[in-house]
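Pasted below: upload_28.pdb, PDB, C-alpha atoms, pLDDT in the B column.
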```
ATOM      1  CA  MET A 168     139.809  33.622  96.544  1.00 86.00           C
ATOM      2  CA  ASP A 169     142.079  30.971  95.072  1.00 95.00           C
ATOM      3  CA  SER A 170     142.260  32.843  91.764  1.00 97.00           C
ATOM      4  CA  ILE A 171     143.546  36.109  93.209  1.00 97.00           C
ATOM      5  CA  ILE A 172     146.082  34.232  95.344  1.00 98.00           C
ATOM      6  CA  GLU A 173     147.336  32.436  92.225  1.00 98.00           C
ATOM      7  CA  LEU A 174     147.460  35.752  90.352  1.00 98.00           C
ATOM      8  CA  ALA A 175     149.471  37.444  93.104  1.00 98.00           C
ATOM      9  CA  ARG A 176     151.947  34.636  93.655  1.00 98.00           C
ATOM     10  CA  THR A 177     152.547  34.020  89.946  1.00 98.00           C
ATOM     11  CA  LEU A 178     153.331  37.704  89.406  1.00 98.00           C
ATOM     12  CA  GLY A 179     155.337  37.923  92.633  1.00 97.00           C
ATOM     13  CA  PRO A 180     158.704  37.967  90.795  1.00 96.00           C
ATOM     14  CA  TYR A 181     157.619  41.240  89.172  1.00 98.00           C
ATOM     15  CA  ALA A 182     157.234  43.049  92.514  1.00 96.00           C
ATOM     16  CA  ILE A 183     159.486  43.120  95.595  1.00 93.00           C
ATOM     17  CA  CYS A 184     159.260  44.508  99.142  1.00 91.00           C
ATOM     18  CA  GLY A 185     155.524  45.211  99.050  1.00 91.00           C
ATOM     19  CA  GLU A 186     155.506  46.550  95.480  1.00 95.00           C
ATOM     20  CA  GLY A 187     152.517  45.997  93.219  1.00 97.00           C
ATOM     21  CA  ASN A 188     148.915  45.149  93.972  1.00 97.00           C
ATOM     22  CA  VAL A 189     146.033  42.985  92.777  1.00 98.00           C
ATOM     23  CA  SER A 190     142.262  43.091  93.151  1.00 98.00           C
ATOM     24  CA  VAL A 191     139.219  40.948  92.397  1.00 98.00           C
ATOM     25  CA  LYS A 192     135.556  41.962  92.051  1.00 98.00           C
ATOM     26  CA  ASP A 193     133.066  40.161  94.295  1.00 94.00           C
ATOM     27  CA  ASP A 194     129.390  41.114  93.743  1.00 88.00           C
ATOM     28  CA  ASP A 195     128.986  44.653  95.162  1.00 90.00           C
ATOM     29  CA  CYS A 196     132.533  44.957  96.517  1.00 96.00           C
ATOM     30  CA  PHE A 197     136.110  44.090  95.621  1.00 97.00           C
ATOM     31  CA  TRP A 198     139.132  42.724  97.461  1.00 97.00           C
ATOM     32  CA  VAL A 199     142.539  44.389  97.164  1.00 97.00           C
ATOM     33  CA  LYS A 200     146.013  43.639  98.511  1.00 97.00           C
ATOM     34  CA  ALA A 201     146.729  45.300 101.837  1.00 95.00           C
ATOM     35  CA  SER A 202     149.440  47.950 101.910  1.00 93.00           C
ATOM     36  CA  GLY A 203     152.907  46.569 102.658  1.00 92.00           C
ATOM     37  CA  THR A 204     152.079  42.914 102.002  1.00 95.00           C
ATOM     38  CA  SER A 205     153.959  40.977  99.331  1.00 96.00           C
ATOM     39  CA  LEU A 206     152.491  39.479  96.181  1.00 97.00           C
ATOM     40  CA  ASP A 207     154.659  36.359  96.280  1.00 96.00           C
ATOM     41  CA  THR A 208     153.448  35.359  99.775  1.00 96.00           C
ATOM     42  CA  LEU A 209     149.904  36.764  99.593  1.00 97.00           C
ATOM     43  CA  GLU A 210     147.244  34.996 101.646  1.00 96.00           C
ATOM     44  CA  LYS A 211     143.531  35.654 102.134  1.00 94.00           C
ATOM     45  CA  LYS A 212     144.292  37.468 105.397  1.00 94.00           C
ATOM     46  CA  ASP A 213     146.347  39.998 103.384  1.00 95.00           C
ATOM     47  CA  LEU A 214     143.315  41.163 101.391  1.00 96.00           C
ATOM     48  CA  VAL A 215     141.037  44.091 102.296  1.00 95.00           C
ATOM     49  CA  ALA A 216     137.369  44.206 101.267  1.00 94.00           C
ATOM     50  CA  CYS A 217     136.368  47.573  99.791  1.00 95.00           C
ATOM     51  CA  LYS A 218     133.145  49.172  98.633  1.00 95.00           C
ATOM     52  CA  MET A 219     133.040  49.921  94.917  1.00 96.00           C
ATOM     53  CA  SER A 220     133.854  53.524  95.829  1.00 95.00           C
ATOM     54  CA  GLY A 221     137.218  52.305  97.146  1.00 95.00           C
ATOM     55  CA  VAL A 222     136.339  52.861 100.819  1.00 93.00           C
ATOM     56  CA  PRO A 223     137.261  49.775 102.895  1.00 92.00           C
ATOM     57  CA  PHE A 224     134.831  47.837 105.028  1.00 89.00           C
ATOM     58  CA  ASP A 225     136.064  46.775 108.475  1.00 73.00           C
ATOM     59  CA  SER A 226     139.671  45.847 107.614  1.00 61.00           C
ATOM     60  CA  LEU A 227     140.769  44.620 111.060  1.00 68.00           C
ATOM     61  CA  GLY A 228     143.581  47.139 111.127  1.00 76.00           C
ATOM     62  CA  LEU A 229     144.785  46.468 107.572  1.00 87.00           C
ATOM     63  CA  LYS A 230     145.124  49.399 105.192  1.00 91.00           C
ATOM     64  CA  PRO A 231     144.311  48.883 101.510  1.00 92.00           C
ATOM     65  CA  SER A 232     147.014  49.733  98.980  1.00 91.00           C
ATOM     66  CA  ILE A 233     147.611  53.434  98.337  1.00 91.00           C
ATOM     67  CA  GLU A 234     146.643  52.639  94.733  1.00 95.00           C
ATOM     68  CA  THR A 235     143.222  51.216  95.649  1.00 97.00           C
ATOM     69  CA  SER A 236     141.536  54.200  93.996  1.00 97.00           C
ATOM     70  CA  PHE A 237     142.478  53.138  90.457  1.00 98.00           C
ATOM     71  CA  HIS A 238     141.452  49.545  91.202  1.00 98.00           C
ATOM     72  CA  ALA A 239     138.076  50.887  92.374  1.00 98.00           C
ATOM     73  CA  TRP A 240     137.649  52.993  89.246  1.00 98.00           C
ATOM     74  CA  LEU A 241     138.518  50.147  86.858  1.00 98.00           C
ATOM     75  CA  GLN A 242     136.337  47.635  88.727  1.00 98.00           C
ATOM     76  CA  ARG A 243     133.424  50.093  88.928  1.00 97.00           C
ATOM     77  CA  GLU A 244     133.627  51.673  85.470  1.00 97.00           C
ATOM     78  CA  PHE A 245     133.994  48.510  83.367  1.00 97.00           C
ATOM     79  CA  ASP A 246     131.535  45.687  84.057  1.00 95.00           C
ATOM     80  CA  ALA A 247     133.603  43.050  82.244  1.00 95.00           C
ATOM     81  CA  ILE A 248     136.631  43.595  84.459  1.00 97.00           C
ATOM     82  CA  LYS A 249     136.946  41.236  87.416  1.00 98.00           C
ATOM     83  CA  PHE A 250     140.724  41.110  88.031  1.00 98.00           C
ATOM     84  CA  VAL A 251     143.273  43.930  88.072  1.00 98.00           C
ATOM     85  CA  ALA A 252     147.030  43.459  88.483  1.00 98.00           C
ATOM     86  CA  HIS A 253     149.662  46.180  88.857  1.00 98.00           C
ATOM     87  CA  THR A 254     153.332  45.161  88.784  1.00 98.00           C
ATOM     88  CA  HIS A 255     156.835  46.473  88.044  1.00 98.00           C
ATOM     89  CA  PRO A 256     158.477  43.917  85.681  1.00 98.00           C
ATOM     90  CA  PRO A 257     162.199  44.839  85.436  1.00 98.00           C
ATOM     91  CA  LYS A 258     162.668  44.682  81.650  1.00 98.00           C
ATOM     92  CA  THR A 259     159.452  46.604  81.138  1.00 98.00           C
ATOM     93  CA  MET A 260     160.583  49.151  83.721  1.00 98.00           C
ATOM     94  CA  GLN A 261     163.632  49.865  81.552  1.00 98.00           C
ATOM     95  CA  VAL A 262     161.275  50.754  78.711  1.00 98.00           C
ATOM     96  CA  VAL A 263     158.715  52.804  80.669  1.00 98.00           C
ATOM     97  CA  CYS A 264     161.569  54.767  82.260  1.00 98.00           C
ATOM     98  CA  SER A 265     162.906  55.685  78.814  1.00 98.00           C
ATOM     99  CA  GLU A 266     161.888  57.837  75.863  1.00 97.00           C
ATOM    100  CA  GLN A 267     161.033  54.587  74.048  1.00 98.00           C
ATOM    101  CA  ILE A 268     157.775  54.057  75.974  1.00 98.00           C
ATOM    102  CA  HIS A 269     155.575  55.426  73.160  1.00 98.00           C
ATOM    103  CA  SER A 270     157.322  53.365  70.494  1.00 98.00           C
ATOM    104  CA  PHE A 271     156.828  50.258  72.641  1.00 98.00           C
ATOM    105  CA  ALA A 272     153.139  51.116  73.099  1.00 98.00           C
ATOM    106  CA  GLU A 273     152.392  51.867  69.454  1.00 98.00           C
ATOM    107  CA  HIS A 274     154.319  49.109  67.668  1.00 98.00           C
ATOM    108  CA  ARG A 275     154.329  45.307  67.786  1.00 98.00           C
ATOM    109  CA  LEU A 276     157.207  42.927  67.176  1.00 98.00           C
ATOM    110  CA  PHE A 277     155.665  39.436  66.956  1.00 98.00           C
ATOM    111  CA  PRO A 278     152.227  37.755  66.764  1.00 96.00           C
ATOM    112  CA  ASP A 279     151.774  36.674  70.395  1.00 96.00           C
ATOM    113  CA  GLN A 280     152.442  40.233  71.555  1.00 98.00           C
ATOM    114  CA  VAL A 281     149.395  41.301  69.524  1.00 97.00           C
ATOM    115  CA  VAL A 282     147.308  38.420  70.894  1.00 96.00           C
ATOM    116  CA  ARG A 283     148.100  39.023  74.561  1.00 96.00           C
ATOM    117  CA  ASN A 284     148.791  42.785  74.727  1.00 98.00           C
ATOM    118  CA  GLY A 285     146.546  44.053  71.943  1.00 97.00           C
ATOM    119  CA  ALA A 286     147.358  45.969  68.782  1.00 97.00           C
ATOM    120  CA  LYS A 287     148.412  48.993  70.855  1.00 98.00           C
ATOM    121  CA  SER A 288     148.916  49.821  74.524  1.00 98.00           C
ATOM    122  CA  CYS A 289     147.760  52.782  76.591  1.00 98.00           C
ATOM    123  CA  VAL A 290     150.418  55.154  77.992  1.00 98.00           C
ATOM    124  CA  VAL A 291     149.761  57.056  81.226  1.00 98.00           C
ATOM    125  CA  PRO A 292     152.034  60.044  82.000  1.00 98.00           C
ATOM    126  CA  TYR A 293     153.892  59.885  85.309  1.00 98.00           C
ATOM    127  CA  ALA A 294     151.925  60.956  88.370  1.00 98.00           C
ATOM    128  CA  MET A 295     152.344  60.515  92.108  1.00 96.00           C
ATOM    129  CA  PRO A 296     150.618  57.321  93.391  1.00 94.00           C
ATOM    130  CA  GLY A 297     147.192  58.016  94.845  1.00 93.00           C
ATOM    131  CA  LYS A 298     144.688  60.537  93.506  1.00 95.00           C
ATOM    132  CA  PRO A 299     147.076  62.179  90.962  1.00 97.00           C
ATOM    133  CA  LEU A 300     147.779  58.789  89.372  1.00 98.00           C
ATOM    134  CA  LEU A 301     144.075  57.899  89.359  1.00 98.00           C
ATOM    135  CA  GLU A 302     143.254  61.083  87.446  1.00 98.00           C
ATOM    136  CA  GLU A 303     145.939  60.432  84.828  1.00 98.00           C
ATOM    137  CA  ILE A 304     144.778  56.828  84.406  1.00 98.00           C
ATOM    138  CA  LYS A 305     141.175  57.933  83.922  1.00 98.00           C
ATOM    139  CA  LYS A 306     142.130  60.529  81.312  1.00 98.00           C
ATOM    140  CA  SER A 307     144.490  58.241  79.414  1.00 98.00           C
ATOM    141  CA  VAL A 308     142.295  55.130  79.400  1.00 98.00           C
ATOM    142  CA  LEU A 309     139.156  57.008  78.336  1.00 98.00           C
ATOM    143  CA  ALA A 310     141.085  58.831  75.583  1.00 98.00           C
ATOM    144  CA  PHE A 311     142.522  55.497  74.387  1.00 98.00           C
ATOM    145  CA  ILE A 312     139.056  53.925  74.249  1.00 98.00           C
ATOM    146  CA  GLU A 313     137.668  56.916  72.345  1.00 98.00           C
ATOM    147  CA  VAL A 314     140.331  56.599  69.650  1.00 98.00           C
ATOM    148  CA  GLU A 315     140.931  52.837  69.484  1.00 97.00           C
ATOM    149  CA  GLU A 316     137.381  51.734  70.407  1.00 96.00           C
ATOM    150  CA  TYR A 317     138.504  48.981  72.801  1.00 96.00           C
ATOM    151  CA  PHE A 318     139.727  48.720  76.382  1.00 98.00           C
ATOM    152  CA  PRO A 319     143.539  48.470  76.503  1.00 98.00           C
ATOM    153  CA  LYS A 320     144.890  45.020  77.336  1.00 97.00           C
ATOM    154  CA  LEU A 321     148.059  46.680  78.619  1.00 98.00           C
ATOM    155  CA  ILE A 322     148.398  50.017  80.416  1.00 99.00           C
ATOM    156  CA  LEU A 323     151.942  51.412  80.649  1.00 99.00           C
ATOM    157  CA  LEU A 324     152.606  53.796  83.537  1.00 98.00           C
ATOM    158  CA  GLN A 325     155.488  56.142  82.747  1.00 98.00           C
ATOM    159  CA  ASN A 326     158.364  55.739  85.245  1.00 98.00           C
ATOM    160  CA  HIS A 327     156.207  53.424  87.349  1.00 98.00           C
ATOM    161  CA  GLY A 328     155.051  50.050  85.980  1.00 98.00           C
ATOM    162  CA  ILE A 329     152.099  48.389  84.262  1.00 98.00           C
ATOM    163  CA  ILE A 330     148.425  47.567  84.808  1.00 98.00           C
ATOM    164  CA  VAL A 331     146.492  44.706  83.257  1.00 98.00           C
ATOM    165  CA  ALA A 332     142.748  44.179  83.793  1.00 98.00           C
ATOM    166  CA  SER A 333     140.524  41.388  82.549  1.00 97.00           C
ATOM    167  CA  THR A 334     137.657  39.000  83.140  1.00 96.00           C
ATOM    168  CA  SER A 335     140.091  36.296  84.290  1.00 96.00           C
ATOM    169  CA  HIS A 336     143.201  36.005  86.417  1.00 97.00           C
ATOM    170  CA  LYS A 337     144.794  33.763  83.768  1.00 96.00           C
ATOM    171  CA  ASP A 338     144.478  36.514  81.175  1.00 97.00           C
ATOM    172  CA  CYS A 339     146.096  39.009  83.573  1.00 98.00           C
ATOM    173  CA  ILE A 340     148.986  36.605  84.116  1.00 98.00           C
ATOM    174  CA  ALA A 341     149.429  35.992  80.371  1.00 97.00           C
ATOM    175  CA  SER A 342     149.281  39.714  79.551  1.00 98.00           C
ATOM    176  CA  THR A 343     151.858  40.597  82.208  1.00 98.00           C
ATOM    177  CA  MET A 344     154.273  37.847  81.231  1.00 98.00           C
ATOM    178  CA  MET A 345     153.938  38.676  77.535  1.00 98.00           C
ATOM    179  CA  CYS A 346     154.629  42.345  78.253  1.00 98.00           C
ATOM    180  CA  GLU A 347     157.860  41.450  80.031  1.00 98.00           C
ATOM    181  CA  LYS A 348     158.921  39.094  77.214  1.00 98.00           C
ATOM    182  CA  SER A 349     158.104  41.811  74.657  1.00 98.00           C
ATOM    183  CA  ALA A 350     160.134  44.396  76.574  1.00 98.00           C
ATOM    184  CA  GLU A 351     163.161  42.109  76.608  1.00 98.00           C
ATOM    185  CA  ILE A 352     162.879  41.518  72.853  1.00 98.00           C
ATOM    186  CA  PHE A 353     162.271  45.246  72.221  1.00 98.00           C
ATOM    187  CA  ILE A 354     165.448  46.176  74.118  1.00 98.00           C
ATOM    188  CA  GLY A 355     167.468  43.450  72.410  1.00 97.00           C
ATOM    189  CA  ALA A 356     166.293  44.467  68.949  1.00 96.00           C
ATOM    190  CA  LYS A 357     167.256  48.083  69.673  1.00 94.00           C
ATOM    191  CA  VAL A 358     170.740  46.958  70.713  1.00 94.00           C
ATOM    192  CA  LEU A 359     171.193  44.868  67.558  1.00 94.00           C
ATOM    193  CA  GLY A 360     170.301  47.725  65.233  1.00 89.00           C
ATOM    194  CA  GLN A 361     167.325  48.816  63.153  1.00 90.00           C
ATOM    195  CA  THR A 362     164.200  47.286  64.683  1.00 95.00           C
ATOM    196  CA  ARG A 363     161.799  45.552  62.296  1.00 97.00           C
ATOM    197  CA  PHE A 364     158.263  46.123  63.648  1.00 98.00           C
ATOM    198  CA  LEU A 365     155.189  44.386  62.261  1.00 98.00           C
ATOM    199  CA  SER A 366     153.359  46.597  59.762  1.00 98.00           C
ATOM    200  CA  ALA A 367     149.881  47.949  60.529  1.00 97.00           C
ATOM    201  CA  ASP A 368     148.392  45.438  58.070  1.00 98.00           C
ATOM    202  CA  GLU A 369     150.278  42.558  59.661  1.00 98.00           C
ATOM    203  CA  VAL A 370     149.091  43.580  63.135  1.00 97.00           C
ATOM    204  CA  GLU A 371     145.486  43.869  61.949  1.00 96.00           C
ATOM    205  CA  GLU A 372     145.641  40.455  60.270  1.00 96.00           C
ATOM    206  CA  ILE A 373     146.820  38.841  63.518  1.00 95.00           C
ATOM    207  CA  ASP A 374     144.401  40.817  65.681  1.00 93.00           C
ATOM    208  CA  LYS A 375     141.371  39.739  63.635  1.00 91.00           C
ATOM    209  CA  CYS A 376     142.469  36.158  62.955  1.00 88.00           C
ATOM    210  CA  PRO A 377     139.726  33.715  64.134  1.00 87.00           C
ATOM    211  CA  SER A 378     142.249  31.151  65.414  1.00 82.00           C
ATOM    212  CA  GLU A 379     144.009  33.813  67.511  1.00 75.00           C
ATOM    213  CA  GLU A 380     140.638  34.916  68.905  1.00 77.00           C
ATOM    214  CA  ARG A 381     140.003  31.329  69.999  1.00 78.00           C
ATOM    215  CA  ARG A 382     143.372  31.302  71.758  1.00 74.00           C
ATOM    216  CA  ARG A 383     142.473  34.530  73.567  1.00 74.00           C
ATOM    217  CA  LYS A 384     139.231  33.012  74.830  1.00 73.00           C
ATOM    218  CA  MET A 385     141.108  30.061  76.339  1.00 71.00           C
ATOM    219  CA  TYR A 386     142.404  32.485  79.003  1.00 69.00           C
ATOM    220  CA  GLN A 387     139.032  34.101  79.745  1.00 70.00           C
TER     221      GLN A 387
END
```
Could you write out this file's structure as structure tokens?
Amino acid sequence: MDSIIELARTLGPYAICGEGNVSVKDDDCFWVKASGTSLDTLEKKDLVACKMSGVPFDSLGLKPSIETSFHAWLQREFDAIKFVAHTHPPKTMQVVCSEQIHSFAEHRLFPDQVVRNGAKSCVVPYAMPGKPLLEEIKKSVLAFIEVEEYFPKLILLQNHGIIVASTSHKDCIASTMMCEKSAEIFIGAKVLGQTRFLSADEVEEIDKCPSEERRRKMYQ
């Protein structure tokens, strides 16, 4: 459980007053943050064990997050995923609450953004948390995989926040922090004038570079 505690507390600054949630797969179940608890002070007692369907086991009065359903789907649908983190980083929120969300998802500004957030990101249209959001996530992620042929390293939720999912908690931390750094640079570049994005060839060169692949694996 140390890994999910580290994940939650490291990403705590990107969620306040019970915002955000994290989960970790554990054999035939997963653990998810209880509703109303805070990421930055999360302890083992604040986690709820759930069946892979998303239904909690005996939770001693704790309720799992309202967004447990999308954690359950990601953990169940993709074998390689062990950790899921959903946060609301403030600079990124400025982007996902704007008409620039698709530009941010489809373009890259610098090499480490490609390494940590992938060549492109998945955009999920706004939906009410709970079942409506789950359905939009399922549709958007599966459509992204069909076109791009890889699982998105960064999922952008319109007017809501972000999701990262990976084999390791360190990769989730790196992806979240890189997203927030990228959002700050994206906003700043827009303010300064004409943004210079990396070309498709430049992105592909970085994405397939053996040395960058080795760096990725250091966080897995």
Expected selection from the PyMOL selection byres ((chain A and resi 254-258) around 10), given as JSON, numbers by chain: {"A": [175, 178, 179, 180, 181, 182, 183, 186, 187, 188, 189, 206, 252, 253, 259, 260, 261, 262, 263, 324, 326, 327, 328, 329, 330, 331, 343, 344, 346, 347, 348, 349, 350, 351, 352, 353, 354]}
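This file, queried with the PyMOL selection byres ((chain A and resi 363) around 10), gives the residues His274, Arg275, Leu276, Phe277, Phe353, Ala356, Lys357, Gly360, Gln361, Thr362, Phe364, Leu365 and Ser366 of chain A.
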Residue with smallest distance to Leu301 (chain A) - pool A:Ala272, A:Ala332, A:Leu241, A:Val199, counting only C-alpha atoms: A:Leu241
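Take the candidates A:Phe250, A:Trp240, A:Phe245, A:Tyr317 and check each one against Lys298 (chain A) using only C-alpha atoms; the shortest distance goes to A:Trp240.
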Picked residues, the PyMOL selection byres ((chain A and resi 373) around 12), expected as JSON, numbers by chain: {"A": [275, 276, 277, 278, 279, 280, 281, 282, 283, 285, 286, 365, 366, 367, 368, 369, 370, 371, 372, 374, 375, 376, 377, 378, 379, 380, 382, 383]}
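Note that CA of Phe271 (chain A) and CA of Arg243 (chain A) are 28.5 Å apart.
A straight line drawn from CA of Gly221 (chain A) to CA of Thr235 (chain A) is 6.3 Å long.
Distance annotation: of A:Trp198, A:Lys305, A:Gly203, A:Glu273, the residue with the minimal separation from Val215 (chain A) is A:Trp198; atom set is only C-alpha atoms.
If you look at CA of Pro319 (chain A) and CA of Cys196 (chain A), they are 23.1 Å away from each other.
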